[in-house]
Amino acid sequence: MPHGTALPARYAVFGHPVSHSLSPAIHRLFGEQCGIALEYAAIDAEPEGFADAVHRFLAGAHGVNVTLPHKAAAFALADERSAEATRAGSANVLTRRPDGRLAAHNTDGAGLVRDLVERQQCALQGRRVLLLGAGGAARGVAWDLLDAGVEELTIANRTADTAAALAGALGVTRARARYWEDLAELGSFDLIVHATSAGVLGQPLRLPYGLVNPQTVGYDLSYGAGAQGFLRWAHEAGVKTARDGLGMLVEQAADAFALWHGPRPQTDPVYTHLRASLA
């Protein structure tokens, strides 16, 4: 049972669509590893019905994960919000408190940094980083990249005002917005993080090869089919290492699991299992 509550150990991920989600498998594997019995479902909720669906589910459950396109709505739904959720303006975790109040968290940025630094052995301190996109996914990770010590965070988005707004919200000179049309003039980066919706929407991704040097690492926040367009470009451009967001997904899920249950599970066995199943 979750700590401090008599509610059943029922959990779910909400998204639209959500049938592709690996979250149910991840949390079941975590539960088996930690000896915690739980039920975990995937619930497809259209945006207009999201709030009602979450309230109905959490009336008899403890917590939910939230994926596209509901992270901003989840943040708005909460009665209390963690610092990470507040600065991102979005939440990927909602927890029902014993008094019925909903608490919002965002574990995406911490999950990305942990996967990059620990699993991918990609040092962030002092690095020059390009963040492609300035929507919810980018907002969820931008602060954590700065916290990890990147020297320069350049944000490029097709809608320039959105990139400028994110750079302004970050509030440090290390973060700056640049026009998408100027990408070819920016030189190369140590790390390129792809956070646009192009891959998920099946849209072509055309980026200048000059963004890459022999040591560049590429990382797509999506996993599976949604990451293939960026990974294809990265390999064509000569990126040293290109990864999808499966490791980030497992790491952010482990942080959510720890919020709900106490112990933080070991992530490498789960990552290895899922990577083999996707091969």
# chains A, B, ... in the order shown; residues from 1 in each chain; ligands from 1
>>> select_by_dssp(residues="stretch 119-159 of chain A", states="alpha helix (DSSP H)", output="list in words")
Gly136, Ala137, Ala138, Arg139, Gly140, Val141, Ala142, Trp143, Asp144, Leu145, Leu146 and Asp147 of chain A
>>> write_last_selection(atoms="all heavy atoms", output="PDB file, in the first residue's frame")
ATOM      1  N   GLY A 136       5.883  22.293 -24.117  1.00  0.00           N
ATOM      2  CA  GLY A 136       5.844  21.655 -22.813  1.00  0.00           C
ATOM      3  C   GLY A 136       7.004  20.713 -22.554  1.00  0.00           C
ATOM      4  O   GLY A 136       7.556  20.683 -21.450  1.00  0.00           O
ATOM      5  N   ALA A 137       7.394  19.934 -23.565  1.00  0.00           N
ATOM      6  CA  ALA A 137       8.503  18.986 -23.374  1.00  0.00           C
ATOM      7  C   ALA A 137       9.801  19.732 -23.085  1.00  0.00           C
ATOM      8  O   ALA A 137      10.570  19.358 -22.196  1.00  0.00           O
ATOM      9  CB  ALA A 137       8.652  18.105 -24.612  1.00  0.00           C
ATOM     10  N   ALA A 138      10.044  20.800 -23.838  1.00  0.00           N
ATOM     11  CA  ALA A 138      11.266  21.584 -23.635  1.00  0.00           C
ATOM     12  C   ALA A 138      11.245  22.279 -22.276  1.00  0.00           C
ATOM     13  O   ALA A 138      12.268  22.306 -21.567  1.00  0.00           O
ATOM     14  CB  ALA A 138      11.415  22.620 -24.754  1.00  0.00           C
ATOM     15  N   ARG A 139      10.109  22.834 -21.893  1.00  0.00           N
ATOM     16  CA  ARG A 139      10.004  23.503 -20.595  1.00  0.00           C
ATOM     17  C   ARG A 139      10.247  22.522 -19.449  1.00  0.00           C
ATOM     18  O   ARG A 139      10.754  22.900 -18.394  1.00  0.00           O
ATOM     19  CB  ARG A 139       8.630  24.153 -20.438  1.00  0.00           C
ATOM     20  CG  ARG A 139       8.390  25.343 -21.347  1.00  0.00           C
ATOM     21  CD  ARG A 139       7.041  25.992 -21.057  1.00  0.00           C
ATOM     22  NE  ARG A 139       7.028  26.599 -19.736  1.00  0.00           N
ATOM     23  CZ  ARG A 139       7.404  27.845 -19.480  1.00  0.00           C
ATOM     24  NH1 ARG A 139       7.827  28.621 -20.451  1.00  0.00           N
ATOM     25  NH2 ARG A 139       7.351  28.327 -18.252  1.00  0.00           N
ATOM     26  N   GLY A 140       9.875  21.272 -19.669  1.00  0.00           N
ATOM     27  CA  GLY A 140      10.041  20.279 -18.619  1.00  0.00           C
ATOM     28  C   GLY A 140      11.481  19.919 -18.325  1.00  0.00           C
ATOM     29  O   GLY A 140      11.772  19.369 -17.263  1.00  0.00           O
ATOM     30  N   VAL A 141      12.400  20.243 -19.257  1.00  0.00           N
ATOM     31  CA  VAL A 141      13.796  19.835 -19.068  1.00  0.00           C
ATOM     32  C   VAL A 141      14.782  20.998 -19.025  1.00  0.00           C
ATOM     33  O   VAL A 141      15.919  20.827 -18.602  1.00  0.00           O
ATOM     34  CB  VAL A 141      14.248  18.847 -20.174  1.00  0.00           C
ATOM     35  CG1 VAL A 141      13.341  17.618 -20.199  1.00  0.00           C
ATOM     36  CG2 VAL A 141      14.276  19.513 -21.549  1.00  0.00           C
ATOM     37  N   ALA A 142      14.366  22.185 -19.453  1.00  0.00           N
ATOM     38  CA  ALA A 142      15.319  23.293 -19.618  1.00  0.00           C
ATOM     39  C   ALA A 142      15.998  23.673 -18.313  1.00  0.00           C
ATOM     40  O   ALA A 142      17.227  23.854 -18.270  1.00  0.00           O
ATOM     41  CB  ALA A 142      14.606  24.503 -20.216  1.00  0.00           C
ATOM     42  N   TRP A 143      15.232  23.815 -17.231  1.00  0.00           N
ATOM     43  CA  TRP A 143      15.822  24.223 -15.949  1.00  0.00           C
ATOM     44  C   TRP A 143      16.815  23.191 -15.441  1.00  0.00           C
ATOM     45  O   TRP A 143      17.855  23.538 -14.890  1.00  0.00           O
ATOM     46  CB  TRP A 143      14.719  24.448 -14.906  1.00  0.00           C
ATOM     47  CG  TRP A 143      14.072  25.799 -14.984  1.00  0.00           C
ATOM     48  CD1 TRP A 143      14.434  26.930 -14.287  1.00  0.00           C
ATOM     49  CD2 TRP A 143      12.958  26.176 -15.803  1.00  0.00           C
ATOM     50  NE1 TRP A 143      13.592  27.971 -14.623  1.00  0.00           N
ATOM     51  CE2 TRP A 143      12.684  27.544 -15.547  1.00  0.00           C
ATOM     52  CE3 TRP A 143      12.160  25.494 -16.724  1.00  0.00           C
ATOM     53  CZ2 TRP A 143      11.654  28.241 -16.171  1.00  0.00           C
ATOM     54  CZ3 TRP A 143      11.136  26.180 -17.357  1.00  0.00           C
ATOM     55  CH2 TRP A 143      10.892  27.531 -17.081  1.00  0.00           C
ATOM     56  N   ASP A 144      16.491  21.912 -15.635  1.00  0.00           N
ATOM     57  CA  ASP A 144      17.381  20.855 -15.139  1.00  0.00           C
ATOM     58  C   ASP A 144      18.699  20.838 -15.905  1.00  0.00           C
ATOM     59  O   ASP A 144      19.745  20.530 -15.330  1.00  0.00           O
ATOM     60  CB  ASP A 144      16.681  19.503 -15.222  1.00  0.00           C
ATOM     61  CG  ASP A 144      15.513  19.421 -14.267  1.00  0.00           C
ATOM     62  OD1 ASP A 144      14.425  19.901 -14.619  1.00  0.00           O
ATOM     63  OD2 ASP A 144      15.681  18.907 -13.157  1.00  0.00           O
ATOM     64  N   LEU A 145      18.654  21.141 -17.200  1.00  0.00           N
ATOM     65  CA  LEU A 145      19.899  21.225 -17.968  1.00  0.00           C
ATOM     66  C   LEU A 145      20.779  22.357 -17.424  1.00  0.00           C
ATOM     67  O   LEU A 145      21.993  22.188 -17.274  1.00  0.00           O
ATOM     68  CB  LEU A 145      19.590  21.458 -19.453  1.00  0.00           C
ATOM     69  CG  LEU A 145      19.007  20.251 -20.193  1.00  0.00           C
ATOM     70  CD1 LEU A 145      18.469  20.668 -21.558  1.00  0.00           C
ATOM     71  CD2 LEU A 145      20.050  19.145 -20.357  1.00  0.00           C
ATOM     72  N   LEU A 146      20.165  23.488 -17.105  1.00  0.00           N
ATOM     73  CA  LEU A 146      20.930  24.582 -16.518  1.00  0.00           C
ATOM     74  C   LEU A 146      21.458  24.199 -15.139  1.00  0.00           C
ATOM     75  O   LEU A 146      22.617  24.472 -14.807  1.00  0.00           O
ATOM     76  CB  LEU A 146      20.063  25.837 -16.423  1.00  0.00           C
ATOM     77  CG  LEU A 146      19.737  26.535 -17.746  1.00  0.00           C
ATOM     78  CD1 LEU A 146      18.745  27.662 -17.511  1.00  0.00           C
ATOM     79  CD2 LEU A 146      20.992  27.065 -18.426  1.00  0.00           C
ATOM     80  N   ASP A 147      20.616  23.560 -14.335  1.00  0.00           N
ATOM     81  CA  ASP A 147      21.044  23.124 -13.005  1.00  0.00           C
ATOM     82  C   ASP A 147      22.220  22.161 -13.082  1.00  0.00           C
ATOM     83  O   ASP A 147      23.053  22.105 -12.166  1.00  0.00           O
ATOM     84  CB  ASP A 147      19.887  22.447 -12.257  1.00  0.00           C
ATOM     85  CG  ASP A 147      18.799  23.424 -11.830  1.00  0.00           C
ATOM     86  OD1 ASP A 147      19.043  24.646 -11.872  1.00  0.00           O
ATOM     87  OD2 ASP A 147      17.701  22.960 -11.471  1.00  0.00           O
TER      88      ASP A 147
END
>>> select_by_dssp(residues="stretch 2-159 of chain A", states="strand (DSSP E or B)", output="ChimeraX atom specification")
/A:10-15,39-44,63-66,80-81,93-96,102-105,128-132,152-157
>>> residues_around(residues="A:Ser197", least_positions_apart="6", cutoff="12 Å", atoms="only C-alpha atoms", output="PyMOL selection string")
chain A and resi 68-69+132-138+157-158+203-205+220-223+226-227+229-230
>>> atom_distance(atom1="atom CA of A:Glu80", atom2="atom CA of A:Ala41")
24.3 Å
>>> residues_around(residues="stretch 18-27 of chain A", least_positions_apart="5", cutoff="7 Å", atoms="only C-alpha atoms", output="list in words")
Val13, Tyr40, Ala41, Ala42, Ile43, Asp44, Val250 and Val270 of chain A
>>> closest_residue(among="A:Arg114, A:His105, A:Lys71, A:His55", to="A:Phe257", atoms="only C-alpha atoms")
A:His105
>>> closest_residue(among="A:Val54, A:Ala76, A:Ala104, A:Val93", to="A:Asp255", atoms="only C-alpha atoms")
A:Val93
